[in-house]
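Okay, run.cif is below, mmCIF, C-alpha atoms:
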```cif
data_input
loop_
_atom_site.label_atom_id
_atom_site.label_comp_id
_atom_site.auth_asym_id
_atom_site.auth_seq_id
_atom_site.Cartn_x
_atom_site.Cartn_y
_atom_site.Cartn_z
CA MET X 1 66.66 42.45 95.56
CA ARG X 2 66.59 39.44 97.88
CA ASN X 3 63.85 40.47 100.35
CA TRP X 4 61.20 38.76 98.22
CA ILE X 5 62.88 35.38 98.73
CA GLY X 6 61.87 35.22 102.38
CA ILE X 7 58.33 36.28 101.59
CA LEU X 8 58.08 33.73 98.79
CA ALA X 9 59.57 30.97 100.93
CA VAL X 10 57.13 31.63 103.76
CA GLY X 11 54.19 31.79 101.36
CA LEU X 12 55.16 28.58 99.64
CA ALA X 13 55.88 26.79 102.90
CA LEU X 14 52.51 27.69 104.38
CA LEU X 15 50.61 26.78 101.26
CA SER X 16 52.53 23.66 100.31
CA GLY X 17 52.23 22.43 103.87
CA CYS X 18 48.49 22.23 103.31
CA ALA X 19 48.87 20.35 100.03
CA ALA X 20 48.86 16.59 99.84
CA ASN X 21 51.39 16.66 97.00
CA GLN X 22 54.14 19.26 96.98
CA GLY X 23 55.66 20.46 93.76
CA ASN X 24 58.49 22.97 93.60
CA THR X 25 59.36 22.80 97.30
CA ALA X 26 59.89 19.05 97.05
CA LEU X 27 61.82 19.50 93.80
CA LEU X 28 64.18 22.14 95.21
CA ASN X 29 64.72 20.19 98.43
CA GLY X 30 65.73 17.08 96.52
CA ARG X 31 62.71 15.05 97.58
CA LEU X 32 61.41 14.86 94.01
CA HIS X 33 63.45 13.69 91.06
CA VAL X 34 62.81 14.56 87.43
CA SER X 35 64.06 13.23 84.12
CA GLU X 36 66.95 14.77 82.21
CA GLU X 37 64.45 16.71 80.10
CA GLY X 38 62.98 18.24 83.26
CA LYS X 39 66.25 19.35 84.83
CA TYR X 40 66.33 22.76 83.17
CA TYR X 41 63.15 23.67 85.02
CA LYS X 42 64.76 22.77 88.34
CA VAL X 43 68.08 24.48 87.61
CA GLN X 44 66.49 27.75 86.49
CA LEU X 45 63.96 27.70 89.31
CA GLU X 46 66.89 27.53 91.73
CA ALA X 47 68.51 30.47 89.93
CA LEU X 48 65.33 32.53 90.07
CA VAL X 49 64.88 31.89 93.78
CA ARG X 50 68.54 32.68 94.44
CA ASP X 51 69.10 35.72 92.23
CA SER X 52 65.60 37.15 91.69
CA VAL X 53 65.24 39.76 88.93
CA PRO X 54 68.82 39.42 87.54
CA ALA X 55 68.11 35.77 86.70
CA VAL X 56 65.11 36.59 84.50
CA PRO X 57 66.95 37.67 81.31
CA TYR X 58 69.34 34.72 81.63
CA THR X 59 66.51 32.20 81.57
CA ASN X 60 65.45 30.58 78.32
CA TRP X 61 61.72 30.80 78.99
CA MET X 62 60.69 28.62 76.07
CA GLN X 63 62.96 25.86 77.36
CA PHE X 64 61.75 26.54 80.91
CA ARG X 65 58.14 25.94 79.85
CA LYS X 66 59.00 22.83 77.84
CA SER X 67 61.04 21.45 80.72
CA PHE X 68 58.23 22.12 83.18
CA PHE X 69 55.84 20.18 80.97
CA LYS X 70 58.20 17.18 81.09
CA CYS X 71 58.19 17.44 84.89
CA ARG X 72 54.40 17.51 84.81
CA LEU X 73 54.20 14.42 82.65
CA GLN X 74 56.53 12.56 84.98
CA ASN X 75 54.90 13.81 88.20
CA PRO X 76 51.27 14.72 87.45
CA LYS X 77 50.32 14.67 91.15
CA ASN X 78 53.01 17.20 92.00
CA PHE X 79 52.88 19.58 89.07
CA GLY X 80 50.09 21.37 87.25
CA VAL X 81 46.87 23.02 88.38
CA PRO X 82 43.31 22.79 87.03
CA SER X 83 42.66 25.16 84.13
CA ALA X 84 39.68 26.59 86.03
CA VAL X 85 42.01 27.88 88.76
CA SER X 86 44.24 29.66 86.25
CA MET X 87 41.21 31.12 84.48
CA GLU X 88 39.90 32.43 87.81
CA LEU X 89 43.22 34.16 88.43
CA MET X 90 43.10 35.61 84.92
CA THR X 91 39.75 37.23 85.62
CA ALA X 92 40.51 38.29 89.21
CA VAL X 93 40.38 41.96 90.09
CA HIS X 94 43.94 43.28 89.85
CA GLY X 95 45.48 46.24 91.60
CA GLY X 96 43.74 45.78 94.97
CA TYR X 97 44.64 44.20 98.28
CA GLU X 98 42.79 40.88 97.84
CA THR X 99 44.97 38.55 99.88
CA LYS X 100 42.91 35.53 98.85
CA TYR X 101 44.10 35.96 95.25
CA ALA X 102 47.71 36.39 96.38
CA GLN X 103 47.40 33.16 98.37
CA MET X 104 45.87 31.40 95.39
CA ALA X 105 48.69 32.66 93.15
CA TYR X 106 51.39 31.41 95.51
CA ASP X 107 49.69 28.04 95.68
CA VAL X 108 49.55 27.84 91.89
CA LEU X 109 53.26 28.71 91.60
CA GLU X 110 54.11 25.92 94.02
CA HIS X 111 52.81 23.50 91.40
CA ASP X 112 53.43 25.48 88.20
CA TYR X 113 55.98 28.28 88.05
CA THR X 114 55.13 28.84 84.39
CA SER X 115 51.68 30.17 85.33
CA ILE X 116 51.40 33.58 83.69
CA ALA X 117 48.15 34.27 85.54
CA ALA X 118 49.75 33.70 88.95
CA HIS X 119 52.71 35.97 88.17
CA GLU X 120 50.32 38.64 86.87
CA GLU X 121 48.27 38.50 90.05
CA LEU X 122 51.34 38.86 92.27
CA SER X 123 52.74 41.68 90.11
CA ASN X 124 49.55 43.70 90.59
CA ASN X 125 48.42 42.76 94.10
CA LEU X 126 49.06 45.71 96.40
CA SER X 127 49.30 43.46 99.44
CA ILE X 128 52.65 42.28 98.06
CA ALA X 129 55.92 44.17 98.60
CA PRO X 130 56.95 46.39 95.63
CA ASN X 131 60.20 44.48 94.92
CA VAL X 132 58.27 41.21 94.86
CA ARG X 133 55.75 42.70 92.44
CA GLU X 134 58.63 43.86 90.24
CA PHE X 135 60.07 40.36 90.10
CA HIS X 136 56.78 38.69 89.20
CA ALA X 137 56.09 41.38 86.58
CA ALA X 138 59.43 40.57 84.94
CA VAL X 139 58.69 36.82 84.94
CA HIS X 140 55.16 37.45 83.63
CA ASP X 141 56.48 39.50 80.71
CA ALA X 142 59.22 36.99 79.91
CA LEU X 143 56.81 34.06 79.85
CA LEU X 144 54.42 35.90 77.55
CA LYS X 145 57.21 36.90 75.19
CA SER X 146 58.32 33.28 74.92
CA ILE X 147 54.87 32.49 73.53
CA ILE X 148 54.26 35.55 71.36
CA ASN X 149 57.76 35.46 69.85
CA SER X 150 57.46 31.78 68.90
CA GLY X 151 55.58 32.66 65.68
CA ASP X 152 53.06 35.07 64.20
CA GLY X 153 50.12 32.68 64.57
CA GLN X 154 48.83 33.39 61.06
CA THR X 155 49.36 29.91 59.62
CA PRO X 156 49.96 26.36 60.87
CA GLU X 157 53.61 26.73 59.90
CA THR X 158 53.98 29.86 62.04
CA ALA X 159 51.73 28.78 64.90
CA LEU X 160 52.44 29.98 68.44
CA PHE X 161 53.87 27.29 70.71
CA VAL X 162 51.89 26.65 73.91
CA ILE X 163 51.86 23.98 76.62
CA SER X 164 48.25 24.53 77.72
CA VAL X 165 44.95 25.97 76.55
CA VAL X 166 45.21 28.65 79.24
CA GLU X 167 48.38 29.95 77.59
CA GLU X 168 46.40 30.46 74.38
CA TYR X 169 43.94 32.78 76.11
CA GLN X 170 46.68 34.63 77.93
CA ALA X 171 48.62 35.22 74.73
CA LEU X 172 45.54 36.59 72.97
CA ALA X 173 44.75 38.88 75.90
CA ALA X 174 48.30 40.23 75.78
CA MET X 175 47.83 40.88 72.06
CA GLY X 176 44.69 42.88 72.81
CA LEU X 177 42.38 40.26 71.33
CA THR X 178 39.09 38.87 72.64
CA VAL X 179 38.19 35.27 71.82
CA ASP X 180 35.07 34.66 69.72
CA GLY X 181 35.46 30.98 68.94
CA GLN X 182 37.80 28.01 68.84
CA ARG X 183 38.28 25.01 66.57
CA LEU X 184 40.71 22.13 66.20
CA VAL X 185 42.68 21.72 62.98
CA HIS X 186 44.80 18.75 61.89
CA LYS X 187 47.48 19.03 59.23
CA GLY X 188 49.60 15.99 58.55
CA ASN X 189 50.64 14.60 61.90
CA HIS X 190 50.31 17.95 63.64
CA HIS X 191 47.46 19.45 65.65
CA TYR X 192 46.45 23.08 66.10
CA ASP X 193 43.98 25.08 68.10
CA VAL X 194 42.67 27.94 65.97
CA LEU X 195 41.10 30.75 67.95
CA THR X 196 39.04 33.39 66.19
CA ALA X 197 39.35 36.71 67.99
CA HIS X 198 38.68 40.41 67.52
CA ASN X 199 40.52 43.56 68.55
CA LYS X 200 39.04 46.73 70.05
CA GLU X 201 38.32 48.05 66.56
CA GLY X 202 36.17 44.98 65.87
CA GLU X 203 38.57 43.46 63.35
CA THR X 204 38.68 39.67 63.48
CA ARG X 205 41.51 37.23 62.81
CA ASP X 206 42.39 33.57 63.29
CA VAL X 207 45.36 32.71 65.48
CA TYR X 208 47.00 29.29 65.22
CA PHE X 209 48.50 27.54 68.27
CA ALA X 210 50.69 24.43 68.02
CA ILE X 211 49.35 21.91 70.53
CA ASP X 212 51.20 18.68 69.66
CA THR X 213 52.85 18.76 73.09
CA PHE X 214 49.61 18.28 75.03
CA TYR X 215 47.14 17.15 72.37
CA GLY X 216 44.73 14.60 73.83
CA MET X 217 45.79 15.33 77.42
CA PHE X 218 43.14 18.01 78.10
CA TYR X 219 45.60 20.39 79.80
#
```

Would you write the structure of this file as structure tokens?
Amino acid sequence: MRNWIGILAVGLALLSGCAANQGNTALLNGRLHVSEEGKYYKVQLEALVRDSVPAVPYTNWMQFRKSFFKCRLQNPKNFGVPSAVSMELMTAVHGGYETKYAQMAYDVLEHDYTSIAAHEELSNNLSIAPNVREFHAAVHDALLKSIINSGDGQTPETALFVISVVEEYQALAAMGLTVDGQRLVHKGNHHYDVLTAHNKEGETRDVYFAIDTFYGMFY
């Protein structure tokens, strides 16, 4: 259960040591302070590192994502990664031994532990120990569920809650949908991304995502 902690610590230490601005390592070591709204991210990150898989079902992943976003707003140089990096991980070849993608995933997690793409890569990369892959698979699934279970996406009132555009694409992929187009919709004081997508049968649908959290920030 705990063997992955050493592997993760070594991976993060090596990668964060090369980074000009550390994220989670600095946060967990007390060198980076966050607001009250960002404390849940820190507390649960400590629990996940300490207890591994057993901590996953006891984490409120919606709150974890919201709290991370507050940390990112307060410390933009320490948290968050370019969308292009996450998209590259999303399209990486999974199930092989590509250590470069594992390294990229660890680096992403150092700055954004809510990255579904990074957890997916580590859950499928055969260069990673099986128990570590199991842990990241559990986190990956939990993060996705926190998005997909936030609404049905059929209307603005039931829009899926996301904290980045990348999460929109990851949610649709998990739903077996391929994106055809995207548009921005305003209703009252609220903002929505509406993605038109099709399933494998060729049926199309619009999916609404609530983007008030990051609207205008280009995340």

Within 12 Å of stretch 59-62 of chain X, which residues of stretch 70-185 of chain X come that close, and what is the closest atom pair and distance in Å for each? Count all atoms listed in the file and give it as a Markdown table.
```
| residue | atom | partner | partner_atom | distance |
| --- | --- | --- | --- | --- |
| X:Tyr113 | CA | X:Trp61 | CA | 11.0 |
| X:Thr114 | CA | X:Trp61 | CA | 8.7 |
| X:Ser115 | CA | X:Trp61 | CA | 11.9 |
| X:Ile116 | CA | X:Trp61 | CA | 11.7 |
| X:Ala138 | CA | X:Thr59 | CA | 11.5 |
| X:Val139 | CA | X:Trp61 | CA | 9.0 |
| X:His140 | CA | X:Trp61 | CA | 10.4 |
| X:Asp141 | CA | X:Trp61 | CA | 10.3 |
| X:Ala142 | CA | X:Trp61 | CA | 6.7 |
| X:Leu143 | CA | X:Trp61 | CA | 6.0 |
| X:Leu144 | CA | X:Trp61 | CA | 9.0 |
| X:Lys145 | CA | X:Trp61 | CA | 8.5 |
| X:Ser146 | CA | X:Met62 | CA | 5.4 |
| X:Ile147 | CA | X:Met62 | CA | 7.4 |
| X:Ile148 | CA | X:Met62 | CA | 10.6 |
| X:Asn149 | CA | X:Met62 | CA | 9.7 |
| X:Ser150 | CA | X:Met62 | CA | 8.5 |
| X:Leu160 | CA | X:Met62 | CA | 11.3 |
| X:Phe161 | CA | X:Met62 | CA | 8.8 |
| X:Val162 | CA | X:Met62 | CA | 9.3 |
| X:Ile163 | CA | X:Met62 | CA | 10.0 |
```

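The two atoms in question, atom CA of X:Ala137 and atom CA of X:Asn78, are spaced 25.0 Å apart.
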
Please, what distance in Å, to one decimal, runs between atom CA of X:Leu177 and atom CA of X:Asn124?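 Between these atoms lies a distance of 20.8 Å.
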
Can you list what the PyMOL selection byres ((chain X and resi 156) around 9) grabs from this structure, as a list in words?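 What the PyMOL selection byres ((chain X and resi 156) around 9) grabs from the file is Gly153, Gln154, Thr155, Glu157, Thr158, Ala159, Leu160, Val185, Lys187, His190, His191, Tyr192, Tyr208, Phe209 and Ala210 of chain X.
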
For X:Thr25, which of X:Ser86, X:Ala92, X:Glu110, X:Ser52 is the closest residue, counting all atoms listed in the file?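 So, comparing all the options, the nearest one is X:Glu110.
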
Just the number, please: distance in Å from atom CA of X:His119 to atom CA of X:Phe64, one decimal. 14.9 Å

On this structure, which residues satisfy the PyMOL selection byres ((chain X and resi 122) around 8), written as a list of chain:residue names?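 Applied to this file, the PyMOL selection byres ((chain X and resi 122) around 8) selects X:Ala102, X:Ala105, X:Ala118, X:His119, X:Glu120, X:Glu121, X:Ser123, X:Asn124, X:Asn125, X:Ile128, X:Val132, X:Arg133, X:His136, X:Ala137.
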
Go through X:Thr196, X:Thr213, X:Gln103, X:Asn29 one by one, measure the shortest atom-to-atom distance of each to X:Leu73 using all atoms listed in the file, and give the residue with the smallest value.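 Among the listed residues, X:Thr213 lies closest to X:Leu73.
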
Quick one: what's the axis-aligned box for stretch 69-78 of chain X, all listed atoms, 6 Å on every side, centre and edges in Å to one decimal, as JSON?
```
{"center_x": 54.3, "center_y": 16.4, "center_z": 86.5, "size_x": 19.9, "size_y": 19.6, "size_z": 23.0}
```

Neighbours of X:Gly96 within 8 Å (all atoms listed in the file; same-chain residues fewer than 2 positions away dropped), as a tab-separated table (two decimals) with C-alpha atoms, in the coordinates of the input?
```tsv
chain	number	residue	atom	x	y	z
X	93	VAL	CA	40.38	41.96	90.09
X	94	HIS	CA	43.94	43.28	89.85
X	98	GLU	CA	42.79	40.88	97.84
X	124	ASN	CA	49.55	43.70	90.59
X	125	ASN	CA	48.42	42.76	94.10
X	126	LEU	CA	49.06	45.71	96.40
X	127	SER	CA	49.30	43.46	99.44
```

Report the residues retrieved by the PyMOL selection byres ((chain X and resi 43) around 12) from the displayed file, expressed as a ChimeraX atom specification. /X:24,27-28,30,34,36-42,44-50,55,58-60,63-64,67-68

For X:Ala117, work out the shell of residues within 9 Å, counting only C-alpha atoms and skipping chain neighbours fewer than 6 positions away, then give it as a list in words. Ser86, Met87, Glu88, Leu89, Met90, Thr91, Ala105, His140, Val166 and Gln170 of chain X

Set the distance at 12 Å and use only C-alpha atoms: which residues neighbour X:Met217 once local chain neighbours fewer than 6 positions away are removed? I'd like the list as a PyMOL selection string. chain X and resi 69+72-73+76+163-165+211

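Distance annotation: of X:Lys100, X:Phe135, X:Gly95, X:Gly80, the residue with the minimal separation from X:Pro54 is X:Phe135; atom set is all atoms listed in the file.
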
Measuring between all atoms listed in the file, which one of X:Asp112, X:Glu203, X:Glu134, X:Asp212 shows the shortest distance to X:Val85?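 Comparing X:Asp112, X:Glu203, X:Glu134, X:Asp212 against X:Val85, the winner is X:Asp112.
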
Which neighbours of X:Thr204 fall inside 10 Å, counting only C-alpha atoms, when residues of the same chain fewer than 3 positions from it are skipped, and could you give them as a CSV table (one decimal) with C-alpha atoms, in the frame of the given file?
```
chain,number,residue,atom,x,y,z
X,177,LEU,CA,42.4,40.3,71.3
X,178,THR,CA,39.1,38.9,72.6
X,179,VAL,CA,38.2,35.3,71.8
X,180,ASP,CA,35.1,34.7,69.7
X,196,THR,CA,39.0,33.4,66.2
X,197,ALA,CA,39.4,36.7,68.0
X,198,HIS,CA,38.7,40.4,67.5
X,199,ASN,CA,40.5,43.6,68.6
X,200,LYS,CA,39.0,46.7,70.0
X,201,GLU,CA,38.3,48.0,66.6
X,207,VAL,CA,45.4,32.7,65.5
```

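The closest residue to X:Phe79, picked from X:Arg31, X:Arg205, X:His111, X:Arg183 and counting only C-alpha atoms, is X:His111.
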
Could I get stretch 164-179 of chain X rebuilt with N, CA and C atoms, written as a PDB file, in the frame of the given file?
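Saved the output as part.pdb:
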```
ATOM      1  N   SER X 164      49.578  24.685  77.122  1.00  0.00           N
ATOM      2  CA  SER X 164      48.250  24.530  77.720  1.00  0.00           C
ATOM      3  C   SER X 164      47.272  25.437  76.993  1.00  0.00           C
ATOM      4  N   VAL X 165      45.989  25.132  77.134  1.00  0.00           N
ATOM      5  CA  VAL X 165      44.950  25.970  76.550  1.00  0.00           C
ATOM      6  C   VAL X 165      44.938  27.342  77.217  1.00  0.00           C
ATOM      7  N   VAL X 166      45.208  27.376  78.513  1.00  0.00           N
ATOM      8  CA  VAL X 166      45.210  28.650  79.240  1.00  0.00           C
ATOM      9  C   VAL X 166      46.229  29.607  78.630  1.00  0.00           C
ATOM     10  N   GLU X 167      47.380  29.088  78.210  1.00  0.00           N
ATOM     11  CA  GLU X 167      48.380  29.950  77.590  1.00  0.00           C
ATOM     12  C   GLU X 167      47.849  30.599  76.315  1.00  0.00           C
ATOM     13  N   GLU X 168      46.982  29.894  75.602  1.00  0.00           N
ATOM     14  CA  GLU X 168      46.400  30.460  74.380  1.00  0.00           C
ATOM     15  C   GLU X 168      45.608  31.721  74.711  1.00  0.00           C
ATOM     16  N   TYR X 169      44.776  31.636  75.735  1.00  0.00           N
ATOM     17  CA  TYR X 169      43.940  32.780  76.110  1.00  0.00           C
ATOM     18  C   TYR X 169      44.778  33.927  76.672  1.00  0.00           C
ATOM     19  N   GLN X 170      45.834  33.585  77.383  1.00  0.00           N
ATOM     20  CA  GLN X 170      46.680  34.630  77.930  1.00  0.00           C
ATOM     21  C   GLN X 170      47.458  35.349  76.836  1.00  0.00           C
ATOM     22  N   ALA X 171      47.909  34.603  75.840  1.00  0.00           N
ATOM     23  CA  ALA X 171      48.620  35.220  74.730  1.00  0.00           C
ATOM     24  C   ALA X 171      47.711  36.167  73.957  1.00  0.00           C
ATOM     25  N   LEU X 172      46.480  35.737  73.697  1.00  0.00           N
ATOM     26  CA  LEU X 172      45.540  36.590  72.970  1.00  0.00           C
ATOM     27  C   LEU X 172      45.205  37.851  73.757  1.00  0.00           C
ATOM     28  N   ALA X 173      45.042  37.703  75.070  1.00  0.00           N
ATOM     29  CA  ALA X 173      44.750  38.880  75.900  1.00  0.00           C
ATOM     30  C   ALA X 173      45.907  39.867  75.844  1.00  0.00           C
ATOM     31  N   ALA X 174      47.130  39.351  75.854  1.00  0.00           N
ATOM     32  CA  ALA X 174      48.300  40.230  75.780  1.00  0.00           C
ATOM     33  C   ALA X 174      48.395  40.922  74.423  1.00  0.00           C
ATOM     34  N   MET X 175      47.834  40.291  73.399  1.00  0.00           N
ATOM     35  CA  MET X 175      47.830  40.880  72.060  1.00  0.00           C
ATOM     36  C   MET X 175      46.639  41.805  71.849  1.00  0.00           C
ATOM     37  N   GLY X 176      45.845  41.999  72.896  1.00  0.00           N
ATOM     38  CA  GLY X 176      44.690  42.880  72.810  1.00  0.00           C
ATOM     39  C   GLY X 176      43.535  42.283  72.050  1.00  0.00           C
ATOM     40  N   LEU X 177      43.428  40.949  72.073  1.00  0.00           N
ATOM     41  CA  LEU X 177      42.380  40.260  71.330  1.00  0.00           C
ATOM     42  C   LEU X 177      41.402  39.575  72.278  1.00  0.00           C
ATOM     43  N   THR X 178      40.149  39.535  71.883  1.00  0.00           N
ATOM     44  CA  THR X 178      39.090  38.870  72.640  1.00  0.00           C
ATOM     45  C   THR X 178      38.615  37.663  71.843  1.00  0.00           C
ATOM     46  N   VAL X 179      38.530  36.523  72.506  1.00  0.00           N
ATOM     47  CA  VAL X 179      38.190  35.270  71.820  1.00  0.00           C
ATOM     48  C   VAL X 179      36.706  35.232  71.447  1.00  0.00           C
TER      49      VAL X 179
END
```
